[in-house]
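S.K.: Please find start02.pdb (PDB, C-alpha atoms) on the next line:
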ATOM      1  CA  MET C   1     -16.422  -9.119  24.012
ATOM      2  CA  THR C   2     -14.335  -8.838  20.837
ATOM      3  CA  GLU C   3     -15.526  -5.290  20.153
ATOM      4  CA  LEU C   4     -14.704  -4.203  23.708
ATOM      5  CA  LEU C   5     -11.246  -5.804  23.452
ATOM      6  CA  ALA C   6     -10.671  -3.994  20.151
ATOM      7  CA  GLU C   7     -11.653  -0.643  21.670
ATOM      8  CA  GLU C   8      -9.484  -1.170  24.745
ATOM      9  CA  LEU C   9      -6.503  -2.309  22.666
ATOM     10  CA  ILE C  10      -6.765   0.722  20.359
ATOM     11  CA  ALA C  11      -7.068   3.039  23.356
ATOM     12  CA  ALA C  12      -4.079   1.475  25.151
ATOM     13  CA  ILE C  13      -1.826   1.553  22.085
ATOM     14  CA  GLY C  14      -2.863   5.132  21.336
ATOM     15  CA  LEU C  15      -2.167   6.198  24.901
ATOM     16  CA  VAL C  16       1.302   4.618  24.867
ATOM     17  CA  ARG C  17       2.124   6.292  21.537
ATOM     18  CA  ARG C  18       0.868   9.732  22.651
ATOM     19  CA  ARG C  19       2.677   9.628  25.988
ATOM     20  CA  LEU C  20       5.876   8.433  24.373
ATOM     21  CA  ARG C  21       5.641  11.161  21.721
ATOM     22  CA  ARG C  22       5.108  13.810  24.405
ATOM     23  CA  SER C  23       7.987  12.500  26.517
ATOM     24  CA  ALA C  24      10.537  11.906  23.752
ATOM     25  CA  GLY C  25       9.358  14.475  21.219
ATOM     26  CA  ARG C  26      10.361  14.127  17.598
ATOM     27  CA  PRO C  27      13.883  14.503  16.280
ATOM     28  CA  PHE C  28      14.541  17.943  14.792
ATOM     29  CA  PRO C  29      14.339  16.988  11.112
ATOM     30  CA  LEU C  30      11.066  15.138  11.702
ATOM     31  CA  SER C  31       9.364  17.821  13.780
ATOM     32  CA  ALA C  32       8.013  19.681  10.747
ATOM     33  CA  LEU C  33       7.090  16.584   8.741
ATOM     34  CA  THR C  34       3.675  15.147   8.068
ATOM     35  CA  ASP C  35       2.905  11.784   9.622
ATOM     36  CA  SER C  36       3.326  10.102   6.207
ATOM     37  CA  GLN C  37       6.728  11.719   5.676
ATOM     38  CA  ALA C  38       7.887  10.756   9.173
ATOM     39  CA  GLU C  39       6.680   7.175   8.684
ATOM     40  CA  LEU C  40       8.620   6.945   5.406
ATOM     41  CA  VAL C  41      11.759   8.220   7.157
ATOM     42  CA  ARG C  42      11.325   5.567   9.868
ATOM     43  CA  THR C  43      10.749   2.883   7.209
ATOM     44  CA  VAL C  44      13.939   3.860   5.358
ATOM     45  CA  ARG C  45      15.877   3.898   8.640
ATOM     46  CA  ARG C  46      14.763   0.338   9.358
ATOM     47  CA  ASN C  47      15.341  -0.759   5.732
ATOM     48  CA  PRO C  48      18.283   1.132   4.181
ATOM     49  CA  GLY C  49      18.337   0.625   0.427
ATOM     50  CA  ILE C  50      14.601  -0.039   0.216
ATOM     51  CA  SER C  51      13.023   0.784  -3.144
ATOM     52  CA  VAL C  52      10.117   3.156  -3.616
ATOM     53  CA  ALA C  53       7.849   0.214  -4.532
ATOM     54  CA  GLU C  54       8.950  -1.760  -1.469
ATOM     55  CA  ALA C  55       8.398   1.256   0.785
ATOM     56  CA  ALA C  56       4.941   1.751  -0.729
ATOM     57  CA  ALA C  57       4.045  -1.875   0.012
ATOM     58  CA  GLU C  58       5.407  -1.594   3.552
ATOM     59  CA  LEU C  59       3.407   1.576   4.221
ATOM     60  CA  GLY C  60       0.278   0.455   2.398
ATOM     61  CA  LEU C  61       0.454   3.379  -0.017
ATOM     62  CA  VAL C  62       0.552   3.597  -3.796
ATOM     63  CA  ALA C  63       3.998   4.031  -5.352
ATOM     64  CA  ASN C  64       3.122   7.471  -6.765
ATOM     65  CA  THR C  65       2.352   8.775  -3.279
ATOM     66  CA  VAL C  66       5.634   7.426  -1.897
ATOM     67  CA  SER C  67       7.492   8.865  -4.893
ATOM     68  CA  THR C  68       6.042  12.287  -4.068
ATOM     69  CA  LEU C  69       7.062  11.893  -0.411
ATOM     70  CA  VAL C  70      10.556  10.850  -1.499
ATOM     71  CA  GLY C  71      10.846  13.999  -3.615
ATOM     72  CA  GLN C  72       9.780  16.176  -0.692
ATOM     73  CA  LEU C  73      12.185  14.496   1.724
ATOM     74  CA  THR C  74      15.047  14.605  -0.774
ATOM     75  CA  GLU C  75      14.520  18.357  -1.187
ATOM     76  CA  ARG C  76      14.723  18.736   2.598
ATOM     77  CA  GLY C  77      18.021  16.862   2.663
ATOM     78  CA  LEU C  78      16.658  13.907   4.637
ATOM     79  CA  LEU C  79      16.682  11.176   1.989
ATOM     80  CA  GLN C  80      19.086  10.129  -0.740
ATOM     81  CA  ARG C  81      17.823   8.415  -3.863
ATOM     82  CA  THR C  82      20.386   6.172  -5.581
ATOM     83  CA  PRO C  83      19.792   4.174  -8.778
ATOM     84  CA  ASP C  84      19.844   0.403  -8.291
ATOM     85  CA  GLU C  85      23.019  -1.110  -9.738
ATOM     86  CA  SER C  86      21.191  -3.891 -11.587
ATOM     87  CA  ASP C  87      18.125  -1.900 -12.687
ATOM     88  CA  ARG C  88      18.665   1.829 -13.195
ATOM     89  CA  ARG C  89      14.881   2.401 -13.227
ATOM     90  CA  VAL C  90      14.689   1.434  -9.535
ATOM     91  CA  ALA C  91      15.640   4.033  -6.916
ATOM     92  CA  ARG C  92      17.156   2.832  -3.627
ATOM     93  CA  LEU C  93      16.484   5.018  -0.597
ATOM     94  CA  THR C  94      18.755   5.821   2.328
ATOM     95  CA  LEU C  95      18.762   8.506   4.991
ATOM     96  CA  THR C  96      21.298  11.271   4.738
ATOM     97  CA  GLU C  97      23.887  11.127   7.507
ATOM     98  CA  PRO C  98      22.461  14.118   9.472
ATOM     99  CA  ALA C  99      18.940  12.674   9.259
ATOM    100  CA  ARG C 100      20.144   9.213  10.321
ATOM    101  CA  GLU C 101      21.981  10.647  13.336
ATOM    102  CA  GLN C 102      18.932  12.643  14.455
ATOM    103  CA  VAL C 103      16.522   9.741  13.970
ATOM    104  CA  GLU C 104      18.803   7.331  15.822
ATOM    105  CA  ALA C 105      19.232   9.782  18.709
ATOM    106  CA  TRP C 106      15.439  10.053  18.882
ATOM    107  CA  ARG C 107      15.087   6.254  18.796
ATOM    108  CA  ASP C 108      17.651   5.994  21.604
ATOM    109  CA  ARG C 109      15.674   8.529  23.720
ATOM    110  CA  ARG C 110      12.458   6.564  23.186
ATOM    111  CA  THR C 111      14.157   3.254  23.973
ATOM    112  CA  ALA C 112      15.681   4.689  27.165
ATOM    113  CA  LEU C 113      12.304   6.040  28.297
ATOM    114  CA  VAL C 114      10.535   2.733  27.715
ATOM    115  CA  SER C 115      13.411   0.734  29.239
ATOM    116  CA  GLY C 116      13.199   2.820  32.405
ATOM    117  CA  VAL C 117       9.487   2.178  32.707
ATOM    118  CA  LEU C 118       9.924  -1.530  31.954
ATOM    119  CA  ASP C 119      12.458  -1.700  34.785
ATOM    120  CA  ASP C 120       9.726  -0.453  37.141
ATOM    121  CA  LEU C 121       7.333  -3.270  36.178
ATOM    122  CA  THR C 122       7.092  -6.467  38.140
ATOM    123  CA  PRO C 123       8.610  -9.602  36.602
ATOM    124  CA  ALA C 124       5.072 -10.904  35.977
ATOM    125  CA  GLU C 125       4.125  -7.693  34.136
ATOM    126  CA  ARG C 126       7.263  -7.915  31.970
ATOM    127  CA  ASP C 127       6.527 -11.595  31.250
ATOM    128  CA  ALA C 128       2.986 -10.659  30.196
ATOM    129  CA  LEU C 129       4.387  -8.069  27.770
ATOM    130  CA  VAL C 130       6.873 -10.570  26.356
ATOM    131  CA  SER C 131       4.033 -13.058  25.842
ATOM    132  CA  ALA C 132       1.874 -10.404  24.156
ATOM    133  CA  LEU C 133       4.511  -9.313  21.627
ATOM    134  CA  PRO C 134       3.985 -12.182  19.133
ATOM    135  CA  VAL C 135       0.222 -11.629  19.270
ATOM    136  CA  LEU C 136       0.614  -7.887  18.706
ATOM    137  CA  THR C 137       2.947  -8.567  15.784
ATOM    138  CA  ALA C 138       0.437 -11.011  14.273
ATOM    139  CA  LEU C 139      -2.328  -8.447  14.756
ATOM    140  CA  ALA C 140      -0.248  -5.791  12.995
ATOM    141  CA  GLU C 141       0.448  -8.157  10.098
ATOM    142  CA  ARG C 142      -3.253  -8.921   9.713
ATOM    143  CA  LEU C 143      -4.043  -5.206   9.726
ATOM    144  CA  HIS C 144      -1.571  -4.577   6.883
ATOM    145  CA  PRO C 145      -3.401  -3.297   3.776
ATOM    146  CA  GLU C 146      -2.053  -6.123   1.587
ATOM    147  CA  GLU C 147      -3.419  -8.694   4.022
ATOM    148  CA  GLN C 148      -6.777  -6.936   4.013
ATOM    149  CA  LEU C 149      -6.859  -7.056   0.185
ATOM    150  CA  ARG C 150      -5.976 -10.749   0.222
ATOM    151  CA  LYS C 151      -8.855 -11.457   2.610
ATOM    152  CA  GLU C 152     -11.291  -9.526   0.411
ATOM    153  CA  ARG C 153     -10.318 -11.623  -2.643
ATOM    154  CA  VAL C 154     -10.944 -14.934  -0.863
TER     155      VAL C 154
END
Would you encode the structure as structure tokens?
M.R.:
Amino acid sequence: MTELLAEELIAAIGLVRRRLRRSAGRPFPLSALTDSQAELVRTVRRNPGISVAEAAAELGLVANTVSTLVGQLTERGLLQRTPDESDRRVARLTLTEPAREQVEAWRDRRTALVSGVLDDLTPAERDALVSALPVLTALAERLHPEEQLRKERV
């Protein structure tokens, strides 16, 4: 039962992501990026001023990998790296204004698409989604690489 649920959940989430990506596309500056680069851009958008180490932890990557991605995205004019005021060794990351505008416009398109579909659901279907959100969030947290490492140590 658990294995079947896992397979169906993965399939459903994948289908939603693929259909949303096909419907909304990617914002122009992200269209030519790798998945890792695009995920870093989204992470920085959600967490302006995040450090490289914090972004690495959030993404489940090593800091050197994120540092390389930051360099690539900075060269493309999508990210700005600013030294931390209290510790000059720490770089704080923000999106450049053009990148932020494009990413937010893309987010708005995606939100509008999903909102329109949610409006077509029955109240019971919307309630079921609302009830599922905390469980999906808990599942995502437990799938985080740091959580997996913690479990392995116990």
S.K.: My list of candidates is C:Leu40, C:Ala105, C:Leu143, C:Val130. Which is closest to Leu61 of chain C when distances are computed with all atoms listed in the file?
M.R.: C:Leu40
S.K.: What does the distance from atom CA of Ala6 of chain C to atom CA of Gly60 of chain C come to in Å, to one decimal?
M.R.: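 For atom CA of Ala6 of chain C relative to atom CA of Gly60 of chain C, the distance reads 21.3 Å.
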S.K.: Would you mind listing what lies within 12 Å of Thr74 of chain C as a ChimeraX atom specification, with only C-alpha atoms counted and same-chain residues fewer than 5 positions away left out?
M.R.: /C:37,40-41,66-69,79-82,93-96,99
S.K.: Need the neighbours of (18.8, 0.5, -2.2): which residues are at most 8 Å away, counting only C-alpha atoms, as a PyMOL selection string?
M.R.: chain C and resi 48-51+82-84+91-94
S.K.: Suppose we keep C-alpha atoms; can you now write the selection as a PDB file, in the frame of the given file?
M.R.:
ATOM      1  CA  PRO C  48      18.283   1.132   4.181  1.00  0.00           C
ATOM      2  CA  GLY C  49      18.337   0.625   0.427  1.00  0.00           C
ATOM      3  CA  ILE C  50      14.601  -0.039   0.216  1.00  0.00           C
ATOM      4  CA  SER C  51      13.023   0.784  -3.144  1.00  0.00           C
ATOM      5  CA  THR C  82      20.386   6.172  -5.581  1.00  0.00           C
ATOM      6  CA  PRO C  83      19.792   4.174  -8.778  1.00  0.00           C
ATOM      7  CA  ASP C  84      19.844   0.403  -8.291  1.00  0.00           C
ATOM      8  CA  ALA C  91      15.640   4.033  -6.916  1.00  0.00           C
ATOM      9  CA  ARG C  92      17.156   2.832  -3.627  1.00  0.00           C
ATOM     10  CA  LEU C  93      16.484   5.018  -0.597  1.00  0.00           C
ATOM     11  CA  THR C  94      18.755   5.821   2.328  1.00  0.00           C
TER      12      THR C  94
END
S.K.: Within 9 Å of Thr43 of chain C, counting all atoms listed in the file, which residues show up once you throw out same-chain ones fewer than 4 positions away? Write them as a ChimeraX atom specification, please.
M.R.: /C:38-39,47-48,50,55,58-59
S.K.: With distances taken over only C-alpha atoms, which residue among C:Val117, C:Glu104, C:His144, C:Ser23 lies nearest Ala56 of chain C?
M.R.: C:His144
S.K.: Go ahead and compute the interatomic distance for atom CA of Gly77 of chain C and atom CA of Asp35 of chain C, in Å to one decimal.
M.R.: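 Pair atom CA of Gly77 of chain C / atom CA of Asp35 of chain C returns 17.4 Å.
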S.K.: In Å, with one decimal, what is the gap from atom CA of Thr111 of chain C to atom CA of Ala140 of chain C?
M.R.: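 Taking atom CA of Thr111 of chain C and atom CA of Ala140 of chain C, their separation equals 20.2 Å.
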